[in-house]
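Chemist: Structure file protein.cif (mmCIF, C-alpha atoms (C1' of nucleotides) and all ligand atoms) right here:
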data_upload
loop_
_atom_site.label_atom_id
_atom_site.label_comp_id
_atom_site.auth_asym_id
_atom_site.auth_seq_id
_atom_site.Cartn_x
_atom_site.Cartn_y
_atom_site.Cartn_z
CA MET A 1 -26.10 -105.14 73.36
CA ARG A 2 -23.45 -106.25 75.78
CA GLN A 3 -26.11 -106.95 78.39
CA GLN A 4 -28.18 -109.06 76.03
CA THR A 5 -25.09 -111.07 75.16
CA LEU A 6 -24.43 -111.85 78.79
CA GLU A 7 -28.02 -112.76 79.55
CA ALA A 8 -28.25 -114.99 76.49
CA LEU A 9 -25.26 -116.95 77.74
CA LYS A 10 -26.71 -117.27 81.20
CA ASP A 11 -30.01 -118.47 79.78
CA LYS A 12 -28.18 -121.21 77.97
CA GLY A 13 -26.75 -122.41 81.24
CA PHE A 14 -23.25 -121.01 80.88
CA ARG A 15 -21.55 -119.18 83.69
CA LEU A 16 -20.68 -115.53 83.69
CA THR A 17 -17.22 -115.71 85.13
CA LYS A 18 -15.02 -112.71 85.73
CA ILE A 19 -12.74 -113.51 82.80
CA ARG A 20 -15.59 -114.25 80.44
CA LYS A 21 -17.31 -110.98 81.20
CA LEU A 22 -14.08 -109.04 80.81
CA ILE A 23 -13.30 -110.67 77.48
CA ILE A 24 -16.73 -109.75 76.20
CA ASP A 25 -16.13 -106.23 77.44
CA VAL A 26 -12.85 -106.05 75.55
CA PHE A 27 -14.59 -107.02 72.32
CA PHE A 28 -17.33 -104.45 72.84
CA SER A 29 -14.78 -101.78 73.71
CA ASN A 30 -12.69 -102.45 70.61
CA ALA A 31 -15.40 -103.18 68.12
CA ASP A 32 -13.49 -101.53 65.31
CA ALA A 33 -10.34 -103.67 65.40
CA PRO A 34 -10.11 -107.45 65.33
CA ILE A 35 -8.16 -108.88 68.26
CA SER A 36 -5.72 -111.80 68.36
CA ALA A 37 -5.37 -114.21 71.28
CA PRO A 38 -2.10 -112.69 72.51
CA GLU A 39 -3.56 -109.20 72.15
CA LEU A 40 -6.60 -110.22 74.15
CA ARG A 41 -4.32 -111.45 76.90
CA THR A 42 -2.57 -108.10 76.91
CA HIS A 43 -5.89 -106.28 77.11
CA LEU A 44 -6.76 -108.33 80.19
CA LEU A 45 -3.40 -107.64 81.79
CA ALA A 46 -4.06 -103.93 81.35
CA LEU A 47 -7.14 -104.55 83.48
CA ASP A 48 -4.98 -106.29 86.10
CA VAL A 49 -6.30 -109.72 85.21
CA LYS A 50 -3.86 -112.50 84.45
CA ALA A 51 -5.55 -115.20 82.45
CA ASN A 52 -3.81 -118.42 81.53
CA LYS A 53 -3.25 -118.67 77.81
CA THR A 54 -5.19 -121.94 77.72
CA THR A 55 -8.17 -120.09 79.09
CA ILE A 56 -7.83 -117.42 76.42
CA TYR A 57 -7.86 -119.94 73.59
CA ARG A 58 -10.69 -121.92 75.11
CA GLU A 59 -12.76 -118.81 75.64
CA LEU A 60 -12.19 -117.65 72.07
CA ASP A 61 -13.38 -121.05 70.88
CA PHE A 62 -16.34 -120.89 73.20
CA LEU A 63 -17.45 -117.41 72.14
CA SER A 64 -17.03 -118.43 68.50
CA ALA A 65 -19.15 -121.53 69.02
CA GLN A 66 -21.81 -119.33 70.65
CA GLY A 67 -21.84 -117.04 67.65
CA ILE A 68 -20.71 -114.04 69.65
CA ILE A 69 -17.42 -113.56 67.87
CA VAL A 70 -16.00 -114.75 64.55
CA GLU A 71 -12.50 -115.61 63.52
CA ILE A 72 -11.09 -113.54 60.71
CA ASN A 73 -7.99 -113.81 58.62
CA ALA A 74 -6.36 -110.52 57.74
CA GLY A 75 -3.73 -112.00 55.49
CA ASP A 76 -0.73 -112.16 57.79
CA GLY A 77 -1.36 -115.65 59.06
CA LYS A 78 -2.49 -114.60 62.52
CA LYS A 79 -5.98 -115.42 63.71
CA ARG A 80 -8.00 -112.48 64.93
CA TYR A 81 -11.51 -112.26 66.33
CA GLU A 82 -14.24 -109.66 66.24
CA LEU A 83 -17.87 -109.36 67.29
CA ASP A 84 -20.13 -111.20 64.88
CA ARG A 85 -22.51 -108.40 64.14
CA PHE A 86 -21.15 -106.58 61.12
CA GLY A 87 -22.10 -108.99 58.39
CA HIS A 88 -19.78 -109.98 55.59
CA HIS A 89 -16.98 -107.51 55.03
CA HIS A 90 -13.26 -107.39 54.42
CA HIS A 91 -10.06 -106.18 56.07
CA ILE A 92 -6.99 -104.11 55.50
CA LEU A 93 -3.65 -104.80 57.12
CA CYS A 94 -0.84 -102.34 57.75
CA LEU A 95 2.36 -103.96 56.52
CA ARG A 96 4.42 -101.93 58.96
CA CYS A 97 2.59 -102.11 62.30
CA SER A 98 0.19 -105.01 61.60
CA ALA A 99 -2.84 -102.93 62.50
CA VAL A 100 -6.05 -104.28 61.00
CA GLU A 101 -9.20 -102.38 60.11
CA CYS A 102 -12.51 -103.60 58.80
CA VAL A 103 -13.59 -102.36 55.40
CA ALA A 104 -16.87 -102.76 53.58
CA ILE A 105 -17.06 -102.65 49.80
CA GLU A 106 -20.33 -100.98 48.94
CA ASP A 107 -19.86 -98.59 46.07
CA CYS A 108 -19.39 -101.06 43.26
CA ALA A 109 -20.60 -104.37 41.97
CA LEU A 110 -17.52 -106.05 43.32
CA GLU A 111 -19.18 -107.96 46.10
CA GLU A 112 -21.92 -109.21 43.84
CA GLN A 113 -19.41 -110.33 41.25
CA LEU A 114 -17.36 -112.11 43.90
CA SER A 115 -20.38 -114.17 44.86
CA ARG A 116 -20.73 -115.29 41.26
CA VAL A 117 -17.20 -116.47 40.75
CA ASP A 118 -17.35 -120.05 39.67
CA LEU A 119 -14.28 -122.18 40.24
CA LYS A 120 -14.19 -125.49 38.46
CA ASN A 121 -13.68 -128.53 40.63
CA PHE A 122 -14.33 -126.65 43.83
CA LYS A 123 -17.57 -126.20 45.70
CA VAL A 124 -16.99 -122.62 46.80
CA THR A 125 -18.43 -121.72 50.19
CA GLY A 126 -16.85 -118.35 50.87
CA HIS A 127 -14.05 -115.93 50.28
CA ALA A 128 -11.78 -113.48 52.06
CA LEU A 129 -10.56 -110.27 50.52
CA ASN A 130 -7.65 -108.64 52.26
CA PHE A 131 -5.98 -105.37 51.37
CA PHE A 132 -2.43 -104.49 52.31
CA GLY A 133 -0.85 -101.12 52.76
CA ILE A 134 0.44 -98.55 55.18
CA CYS A 135 -1.89 -97.09 57.76
CA ALA A 136 -2.22 -93.38 58.51
CA GLY A 137 -0.17 -93.66 61.66
CA CYS A 138 2.68 -95.32 59.81
CA SER A 139 2.67 -93.01 56.80
CA PRO A 140 5.20 -90.18 56.84
CA CYS A 141 3.55 -86.82 57.30
CA THR A 142 2.93 -85.08 53.96
CA GLU A 143 3.34 -81.63 55.48
CA CYS A 144 6.85 -81.90 56.82
CA MET Z 1 13.09 -122.43 32.23
CA ARG Z 2 14.55 -124.49 35.01
CA GLN Z 3 17.95 -124.38 33.36
CA GLN Z 4 17.89 -120.61 33.00
CA THR Z 5 17.01 -120.32 36.66
CA LEU Z 6 20.02 -122.37 37.68
CA GLU Z 7 22.40 -120.51 35.39
CA ALA Z 8 21.14 -117.15 36.57
CA LEU Z 9 21.94 -118.14 40.15
CA LYS Z 10 25.39 -119.33 39.20
CA ASP Z 11 26.07 -116.11 37.30
CA LYS Z 12 25.27 -114.17 40.44
CA GLY Z 13 27.91 -116.11 42.31
CA PHE Z 14 25.65 -118.45 44.24
CA ARG Z 15 26.34 -122.15 44.47
CA LEU Z 16 24.26 -124.86 42.92
CA THR Z 17 24.18 -127.31 45.78
CA LYS Z 18 22.41 -130.62 45.68
CA ILE Z 19 19.61 -129.44 47.95
CA ARG Z 20 19.18 -126.14 46.15
CA LYS Z 21 18.83 -127.82 42.79
CA LEU Z 22 16.38 -130.36 44.16
CA ILE Z 23 14.24 -127.68 45.76
CA ILE Z 24 14.07 -125.81 42.47
CA ASP Z 25 13.14 -129.08 40.80
CA VAL Z 26 10.32 -129.61 43.26
CA PHE Z 27 8.87 -126.20 42.48
CA PHE Z 28 9.07 -126.78 38.75
CA SER Z 29 7.52 -130.23 39.14
CA ASN Z 30 4.60 -128.92 41.18
CA ALA Z 31 4.02 -125.62 39.47
CA ASP Z 32 0.26 -125.85 39.98
CA ALA Z 33 0.19 -126.08 43.77
CA PRO Z 34 1.87 -123.78 46.27
CA ILE Z 35 4.16 -125.64 48.72
CA SER Z 36 4.74 -125.07 52.42
CA ALA Z 37 8.07 -125.52 54.17
CA PRO Z 38 7.09 -128.81 55.82
CA GLU Z 39 5.66 -130.06 52.54
CA LEU Z 40 8.86 -129.17 50.77
CA ARG Z 41 10.78 -131.19 53.33
CA THR Z 42 8.51 -134.15 52.66
CA HIS Z 43 9.05 -133.81 48.92
CA LEU Z 44 12.80 -133.97 49.50
CA LEU Z 45 12.48 -137.00 51.75
CA ALA Z 46 10.60 -138.74 48.94
CA LEU Z 47 13.74 -138.16 46.89
CA ASP Z 48 15.85 -139.71 49.65
CA VAL Z 49 17.28 -136.38 50.73
CA LYS Z 50 17.09 -135.37 54.39
CA ALA Z 51 17.45 -131.62 54.69
CA ASN Z 52 17.60 -129.88 58.05
CA LYS Z 53 14.58 -127.71 58.61
CA THR Z 54 16.81 -124.69 59.07
CA THR Z 55 18.13 -125.25 55.59
CA ILE Z 56 14.62 -125.46 54.21
CA TYR Z 57 13.59 -122.14 55.72
CA ARG Z 58 16.82 -120.46 54.68
CA GLU Z 59 16.52 -121.73 51.16
CA LEU Z 60 12.92 -120.54 50.90
CA ASP Z 61 14.06 -117.11 52.03
CA PHE Z 62 16.94 -117.20 49.58
CA LEU Z 63 14.83 -118.20 46.59
CA SER Z 64 12.28 -115.53 47.54
CA ALA Z 65 15.00 -112.89 47.75
CA GLN Z 66 16.23 -113.96 44.32
CA GLY Z 67 12.74 -113.54 42.90
CA ILE Z 68 12.45 -117.19 41.95
CA ILE Z 69 9.57 -118.00 44.27
CA VAL Z 70 6.99 -115.91 46.12
CA GLU Z 71 5.30 -116.44 49.42
CA ILE Z 72 1.54 -116.69 49.31
CA ASN Z 73 -1.08 -116.79 52.01
CA ALA Z 74 -4.04 -119.00 51.19
CA GLY Z 75 -6.06 -118.01 54.22
CA ASP Z 76 -5.31 -120.84 56.61
CA GLY Z 77 -2.36 -119.20 58.29
CA LYS Z 78 0.29 -121.38 56.68
CA LYS Z 79 2.91 -119.87 54.42
CA ARG Z 80 3.20 -121.45 51.01
CA TYR Z 81 5.52 -120.73 48.13
CA GLU Z 82 5.22 -120.98 44.38
CA LEU Z 83 7.27 -120.06 41.32
CA ASP Z 84 7.11 -116.33 40.66
CA ARG Z 85 6.09 -116.50 37.04
CA PHE Z 86 2.33 -116.47 36.96
CA GLY Z 87 1.70 -112.83 37.64
CA HIS Z 88 -0.96 -111.60 40.02
CA HIS Z 89 -3.62 -114.17 40.75
CA HIS Z 90 -5.57 -115.67 43.63
CA HIS Z 91 -6.03 -118.93 45.46
CA ILE Z 92 -8.64 -121.36 46.64
CA LEU Z 93 -8.30 -123.53 49.71
CA CYS Z 94 -10.06 -126.80 50.44
CA LEU Z 95 -11.47 -126.57 53.95
CA ARG Z 96 -11.30 -130.32 54.37
CA CYS Z 97 -7.88 -131.38 53.07
CA SER Z 98 -6.11 -127.98 52.93
CA ALA Z 99 -5.24 -128.38 49.27
CA VAL Z 100 -4.57 -125.08 47.54
CA GLU Z 101 -4.96 -124.23 43.89
CA CYS Z 102 -4.16 -121.08 41.98
CA VAL Z 103 -7.05 -119.28 40.29
CA ALA Z 104 -7.03 -116.39 37.90
CA ILE Z 105 -10.00 -114.06 37.61
CA GLU Z 106 -10.17 -113.05 33.97
CA ASP Z 107 -13.73 -113.05 32.80
CA CYS Z 108 -15.02 -110.01 34.63
CA ALA Z 109 -14.05 -106.52 35.63
CA LEU Z 110 -13.39 -107.69 39.15
CA GLU Z 111 -9.64 -107.37 39.04
CA GLU Z 112 -9.79 -103.91 37.55
CA GLN Z 113 -12.28 -102.80 40.16
CA LEU Z 114 -10.14 -104.18 42.94
CA SER Z 115 -7.26 -102.03 41.80
CA ARG Z 116 -9.48 -98.96 42.10
CA VAL Z 117 -10.67 -99.58 45.64
CA ASP Z 118 -9.78 -96.56 47.67
CA LEU Z 119 -9.49 -97.00 51.40
CA LYS Z 120 -9.33 -93.85 53.44
CA ASN Z 121 -6.39 -93.53 55.80
CA PHE Z 122 -4.50 -96.37 54.18
CA LYS Z 123 -1.99 -96.25 51.37
CA VAL Z 124 -3.06 -99.46 49.66
CA THR Z 125 -0.27 -101.42 48.01
CA GLY Z 126 -1.92 -104.70 47.21
CA HIS Z 127 -4.57 -107.25 47.97
CA ALA Z 128 -5.15 -110.95 48.34
CA LEU Z 129 -8.34 -112.72 47.42
CA ASN Z 130 -8.81 -116.19 48.81
CA PHE Z 131 -11.68 -118.53 48.14
CA PHE Z 132 -12.73 -121.36 50.42
CA GLY Z 133 -14.58 -124.51 49.61
CA ILE Z 134 -14.39 -128.24 49.09
CA CYS Z 135 -12.14 -129.63 46.39
CA ALA Z 136 -13.20 -132.26 43.88
CA GLY Z 137 -11.34 -134.99 45.72
CA CYS Z 138 -13.13 -134.17 48.96
CA SER Z 139 -16.62 -133.79 47.50
CA PRO Z 140 -18.87 -136.82 47.76
CA CYS Z 141 -19.46 -138.42 44.39
CA THR Z 142 -22.67 -137.11 42.80
CA GLU Z 143 -23.36 -140.44 41.07
CA CYS Z 144 -23.60 -142.69 44.06
"C1'" DT H 1 44.56 -132.00 41.00
"C1'" DT H 2 44.85 -129.60 44.93
"C1'" DG H 3 44.07 -125.71 48.14
"C1'" DA H 4 41.74 -122.11 49.92
"C1'" DC H 5 37.86 -119.25 50.77
"C1'" DA H 6 33.16 -118.23 51.06
"C1'" DA H 7 28.72 -120.17 50.73
"C1'" DA H 8 25.77 -123.44 52.38
"C1'" DT H 9 24.50 -126.88 55.83
"C1'" DG H 10 23.64 -129.09 60.28
"C1'" DC H 11 22.95 -128.85 65.04
"C1'" DA H 12 21.32 -127.21 69.34
"C1'" DA H 13 18.87 -124.13 71.57
"C1'" DC H 14 15.41 -121.05 71.56
"C1'" DC H 15 10.80 -118.33 70.71
"C1'" DC H 16 5.83 -118.05 69.72
"C1'" DC H 17 1.30 -119.83 68.97
"C1'" DG H 18 -1.78 -123.26 70.01
"C1'" DT H 19 -3.57 -127.83 72.19
"C1'" DT H 20 -4.48 -131.61 75.63
"C1'" DG H 21 -5.13 -134.18 80.13
"C1'" DC H 22 -5.93 -133.67 84.58
"C1'" DA H 23 -6.37 -131.60 89.02
"C1'" DA H 24 -8.01 -127.44 91.43
"C1'" DT H 25 -11.31 -123.66 91.66
"C1'" DA H 26 -15.38 -120.91 91.39
"C1'" DC H 27 -20.19 -120.23 89.73
"C1'" DA H 28 -24.97 -120.65 90.65
"C1'" DA H 29 -28.80 -123.19 92.05
"C1'" DT H 30 -30.79 -125.54 95.97
"C1'" DA R 1 -23.86 -123.55 103.49
"C1'" DT R 2 -23.68 -127.53 100.24
"C1'" DT R 3 -23.13 -129.46 96.03
"C1'" DG R 4 -22.54 -130.45 91.00
"C1'" DT R 5 -20.32 -129.02 87.13
"C1'" DA R 6 -18.55 -125.38 84.27
"C1'" DT R 7 -14.44 -123.12 84.13
"C1'" DT R 8 -9.61 -122.32 85.12
"C1'" DG R 9 -4.73 -123.24 85.84
"C1'" DC R 10 -0.80 -125.98 85.24
"C1'" DA R 11 2.41 -128.78 82.97
"C1'" DA R 12 3.68 -130.85 79.17
"C1'" DC R 13 3.66 -131.20 74.46
"C1'" DG R 14 3.74 -130.22 69.11
"C1'" DG R 15 4.38 -127.53 64.95
"C1'" DG R 16 6.35 -123.70 62.71
"C1'" DG R 17 9.95 -120.66 62.57
"C1'" DT R 18 14.67 -118.30 63.94
"C1'" DT R 19 19.53 -117.64 65.49
"C1'" DG R 20 24.55 -118.50 66.60
"C1'" DC R 21 28.15 -121.16 65.71
"C1'" DA R 22 30.80 -125.06 64.12
"C1'" DT R 23 31.30 -128.11 60.06
"C1'" DT R 24 30.91 -129.31 55.36
"C1'" DT R 25 30.92 -128.47 50.46
"C1'" DG R 26 30.97 -125.92 45.93
"C1'" DT R 27 33.80 -123.17 43.14
"C1'" DC R 28 37.70 -121.24 41.26
"C1'" DA R 29 42.27 -120.35 40.77
"C1'" DA R 30 46.98 -121.94 41.16
MN MN M 1 -13.88 -107.00 60.56
MN MN M 2 -0.64 -119.31 42.99
ZN ZN M 3 0.61 -99.06 60.55
ZN ZN M 4 -9.96 -131.30 49.64
#
Would it be possible to restate this file's structure as structure tokens?

Modeler:
Amino acid sequence: MRQQTLEALKDKGFRLTKIRKLIIDVFFSNADAPISAPELRTHLLALDVKANKTTIYRELDFLSAQGIIVEINAGDGKKRYELDRFGHHHHILCLRCSAVECVAIEDCALEEQLSRVDLKNFKVTGHALNFFGICAGCSPCTEC
Amino acid sequence: MRQQTLEALKDKGFRLTKIRKLIIDVFFSNADAPISAPELRTHLLALDVKANKTTIYRELDFLSAQGIIVEINAGDGKKRYELDRFGHHHHILCLRCSAVECVAIEDCALEEQLSRVDLKNFKVTGHALNFFGICAGCSPCTEC
DNA sequence: TTGACAAATGCAACCCCGTTGCAATACAAT
DNA sequence: ATTGTATTGCAACGGGGTTGCATTTGTCAA
């Protein structure tokens, strides 16, 4: 999967630079949690790579334009990105530590109903459903 | 309604300053559209009142703490505020002009189902549902 | 009406996220 | 190895938001 992504970029005439490859690696290594631009920079630093913030933003735009990642909004006003291979789903945000997880609503007619919502005066093209709460790591232990 | 709001503040020992009263007026005059801090500043300027941006942010915090307004997130990363008297509802954002409108989902079991969503590992305390689209003003006329 | 005190405001300085123009660098193909 | 251009870095900027501190203003009581 990662390899195909790289080759597809090369075939289109784009270069596989060190930073670009590492950024793609970060997304494949953290496929379960959307990543913000500052977080991505931190991930790179952990790999001993200092990337200019301009480069980070430009690369996120580039990978989005190439359909490799998608921007998501988890409800706290910060842009995050994740690999574009999970289809439509939603997110949950921890109000204490800002952790975000992806969630899919499958067991009820909710998603189907959402697609039918008709809002007067607006041509609706999409929606975002975000849940808020406290993640397991932030919840006090129930045993002690 | 506006008068009760002002008297309630006074009863709690807070002052009814010129700016504070005008801000409350702006919210009551635009009860259908959530307002951002910069927008609020513009509204005041239209009334020939220059308020320092620090004052704007502090007043928004104050009115939120007093339960008069609530912060909402319409999905574009900008904080907006509206009077806290409409109960739980959702919002729709115009992707072209960034206009936001409040929408209530009443005609289906959607809201009830949302409240039942159970997400493992998270203690869910709430949710936000945002719709995206093109508003009437931004849609090309269907007649011509 | 006038003080006095606390609440509210303005100002300056700062932080963070994100963007732009332009010069320097590094891919990758020849 | 050379070369053309995609990519990167740098500096500077803008918007949104916050903080400390000095100044103003609303309120109430004398
Ligand atoms: Mn996701
Ligand atoms: Mn609303
Ligand atoms: Zn948490
Ligand atoms: Zn519009």

Chemist: Just to confirm, what's the straight-line distance from CA of Phe131 in chain Z to CA of Leu119 in chain A in Å (one decimal)?

Modeler: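 If I compute the distance from CA of Phe131 in chain Z to CA of Leu119 in chain A, I get 9.1 Å.
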
Chemist: Enumerate residues in contact with ligand MN 2 (chain M): an atom-to-atom distance of at most 10 Å, counting only C-alpha atoms (C1' of nucleotides) and all ligand atoms. Format the result as a short mmCIF file (atom, residue, chain, number, x, y, z; two decimals) with C-alpha atoms, in the coordinates of the input.

Modeler:
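The new file result-v4.cif reads:
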data_model
loop_
_atom_site.label_atom_id
_atom_site.label_comp_id
_atom_site.auth_asym_id
_atom_site.auth_seq_id
_atom_site.Cartn_x
_atom_site.Cartn_y
_atom_site.Cartn_z
CA ALA Z 31 4.02 -125.62 39.47
CA ASP Z 32 0.26 -125.85 39.98
CA ALA Z 33 0.19 -126.08 43.77
CA PRO Z 34 1.87 -123.78 46.27
CA ILE Z 35 4.16 -125.64 48.72
CA VAL Z 70 6.99 -115.91 46.12
CA GLU Z 71 5.30 -116.44 49.42
CA ILE Z 72 1.54 -116.69 49.31
CA ASN Z 73 -1.08 -116.79 52.01
CA ALA Z 74 -4.04 -119.00 51.19
CA ARG Z 80 3.20 -121.45 51.01
CA TYR Z 81 5.52 -120.73 48.13
CA GLU Z 82 5.22 -120.98 44.38
CA LEU Z 83 7.27 -120.06 41.32
CA ASP Z 84 7.11 -116.33 40.66
CA ARG Z 85 6.09 -116.50 37.04
CA PHE Z 86 2.33 -116.47 36.96
CA GLY Z 87 1.70 -112.83 37.64
CA HIS Z 88 -0.96 -111.60 40.02
CA HIS Z 89 -3.62 -114.17 40.75
CA HIS Z 90 -5.57 -115.67 43.63
CA HIS Z 91 -6.03 -118.93 45.46
CA ILE Z 92 -8.64 -121.36 46.64
CA VAL Z 100 -4.57 -125.08 47.54
CA GLU Z 101 -4.96 -124.23 43.89
CA CYS Z 102 -4.16 -121.08 41.98
CA VAL Z 103 -7.05 -119.28 40.29
CA ALA Z 104 -7.03 -116.39 37.90
#

Chemist: Considering only C-alpha atoms (C1' of nucleotides), return as a list in words whatever protein or nucleic-acid residues lie within 12 Å of DG17 in chain R, sequence-local ones (same chain, fewer than 6 positions apart) excluded.

Modeler: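 Contacts, with the query itself left out: Ala37, Pro38, Lys53, Thr54, Thr55, Ile56, Tyr57, Arg58, Asp61, Lys78 and Lys79 of chain Z; DC14, DC15, DC16 and DC17 of chain H.
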
Chemist: Convert the current residue selection to file output with C-alpha atoms (C1' of nucleotides), as an mmCIF file, in the coordinates of the input.

Modeler:
data_model
loop_
_atom_site.group_PDB
_atom_site.id
_atom_site.type_symbol
_atom_site.label_atom_id
_atom_site.label_comp_id
_atom_site.auth_asym_id
_atom_site.auth_seq_id
_atom_site.Cartn_x
_atom_site.Cartn_y
_atom_site.Cartn_z
ATOM 1 C CA ALA Z 37 8.070 -125.520 54.170
ATOM 2 C CA PRO Z 38 7.090 -128.810 55.820
ATOM 3 C CA LYS Z 53 14.580 -127.710 58.610
ATOM 4 C CA THR Z 54 16.810 -124.690 59.070
ATOM 5 C CA THR Z 55 18.130 -125.250 55.590
ATOM 6 C CA ILE Z 56 14.620 -125.460 54.210
ATOM 7 C CA TYR Z 57 13.590 -122.140 55.720
ATOM 8 C CA ARG Z 58 16.820 -120.460 54.680
ATOM 9 C CA ASP Z 61 14.060 -117.110 52.030
ATOM 10 C CA LYS Z 78 0.290 -121.380 56.680
ATOM 11 C CA LYS Z 79 2.910 -119.870 54.420
ATOM 12 C "C1'" DC H 14 15.410 -121.050 71.560
ATOM 13 C "C1'" DC H 15 10.800 -118.330 70.710
ATOM 14 C "C1'" DC H 16 5.830 -118.050 69.720
ATOM 15 C "C1'" DC H 17 1.300 -119.830 68.970
#

Chemist: So that each row is one residue of chain R with an atom at most 10 Å from chain Z, can you give its shortest atom pair and the distance in Å to one decimal, using all atoms listed in the file, rows by chain and rising number, as a tab-separated table?

Modeler:
residue	atom	partner	partner_atom	distance
R:DG15	C1'	Z:Pro38	CA	9.6
R:DG16	C1'	Z:Pro38	CA	8.6
R:DG17	C1'	Z:Tyr57	CA	7.9
R:DT18	C1'	Z:Thr54	CA	8.3
R:DT19	C1'	Z:Thr54	CA	9.9
R:DT25	C1'	Z:Thr17	CA	8.3
R:DG26	C1'	Z:Arg15	CA	6.1
R:DT27	C1'	Z:Arg15	CA	7.6

Chemist: Kindly compile the residues surrounding ligand ZN 3 (chain M) within 6 Å, counting all atoms listed in the file, and format them as a PyMOL selection string.

Modeler: chain A and resi 94+96-97+99+134-135+137-138

Chemist: Please indicate the distance in Å from CA of Ser115 in chain Z to CA of Asp118 in chain A, rounded to one decimal place.

Modeler: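 Taking CA of Ser115 in chain Z and CA of Asp118 in chain A, their separation equals 20.8 Å.
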
Chemist: Could you check the closest approach to chain A for each of Z:Ile24, Z:Glu112, Z:Lys12, Z:Gly75 and tell me which residue wins, using all atoms listed in the file?

Modeler: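 Closest to chain A of all the choices is Z:Gly75.
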
Chemist: List as a list in words the residues having at least one atom at most 10 Å from position (-6.8, -113.8, 83.0) as given in the file, counting only C-alpha atoms (C1' of nucleotides).

Modeler: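 Those residues lying close to the given coordinates are Lys18, Ile19, Arg20, Leu22, Ile23, Leu40, Arg41, Thr42, His43, Leu44, Leu45, Leu47, Asp48, Val49, Lys50, Ala51, Asn52, Lys53, Thr54, Thr55 and Ile56 of chain A; DT8 of chain R.
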
Chemist: Write out as an MDAnalysis selection string each polymer residue whose atoms come within 10 Å of DC22 in chain H, counting only C-alpha atoms (C1' of nucleotides); drop sequence neighbours fewer than 2 positions from it.

Modeler: (chainID H and resid 20 24) or (chainID R and resid 10:11)

Chemist: Find the residues of chain H in contact range of chain A, meaning any atom within 8 Å when counting all atoms listed in the file, and list them as a PyMOL selection string.

Modeler: chain H and resi 18+27-28

Chemist: Restrict the distance test to all atoms listed in the file, flag each residue of chain Z within 7 Å of chain A, and return the flagged residues as a PyMOL selection string.

Modeler: chain Z and resi 73+75-78+110+113+121-136

Chemist: What is the distance between C1' of DC5 in chain H and C1' of DT23 in chain R, in Å to one decimal?

Modeler: 14.4 Å

Chemist: Could you check which of A:Arg116, A:Asn30, A:Gly67, A:Ser98 is closest to ligand MN 1 (chain M), using only C-alpha atoms and all ligand atoms?

Modeler: A:Asn30

Chemist: Nearest residue to ligand MN 1 (chain M) out of A:Lys10, A:Ala65, A:Phe27, A:Gln3, using only C-alpha atoms and all ligand atoms?

Modeler: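 When distances to ligand MN 1 (chain M) are compared using only C-alpha atoms and all ligand atoms, the smallest one comes from A:Phe27.
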
Chemist: Rank nothing, just name the residue among Z:Val26, Z:Leu9, Z:Met1, Z:Ile69 nearest to Ala46 in chain Z, using only C-alpha atoms.

Modeler: Z:Val26
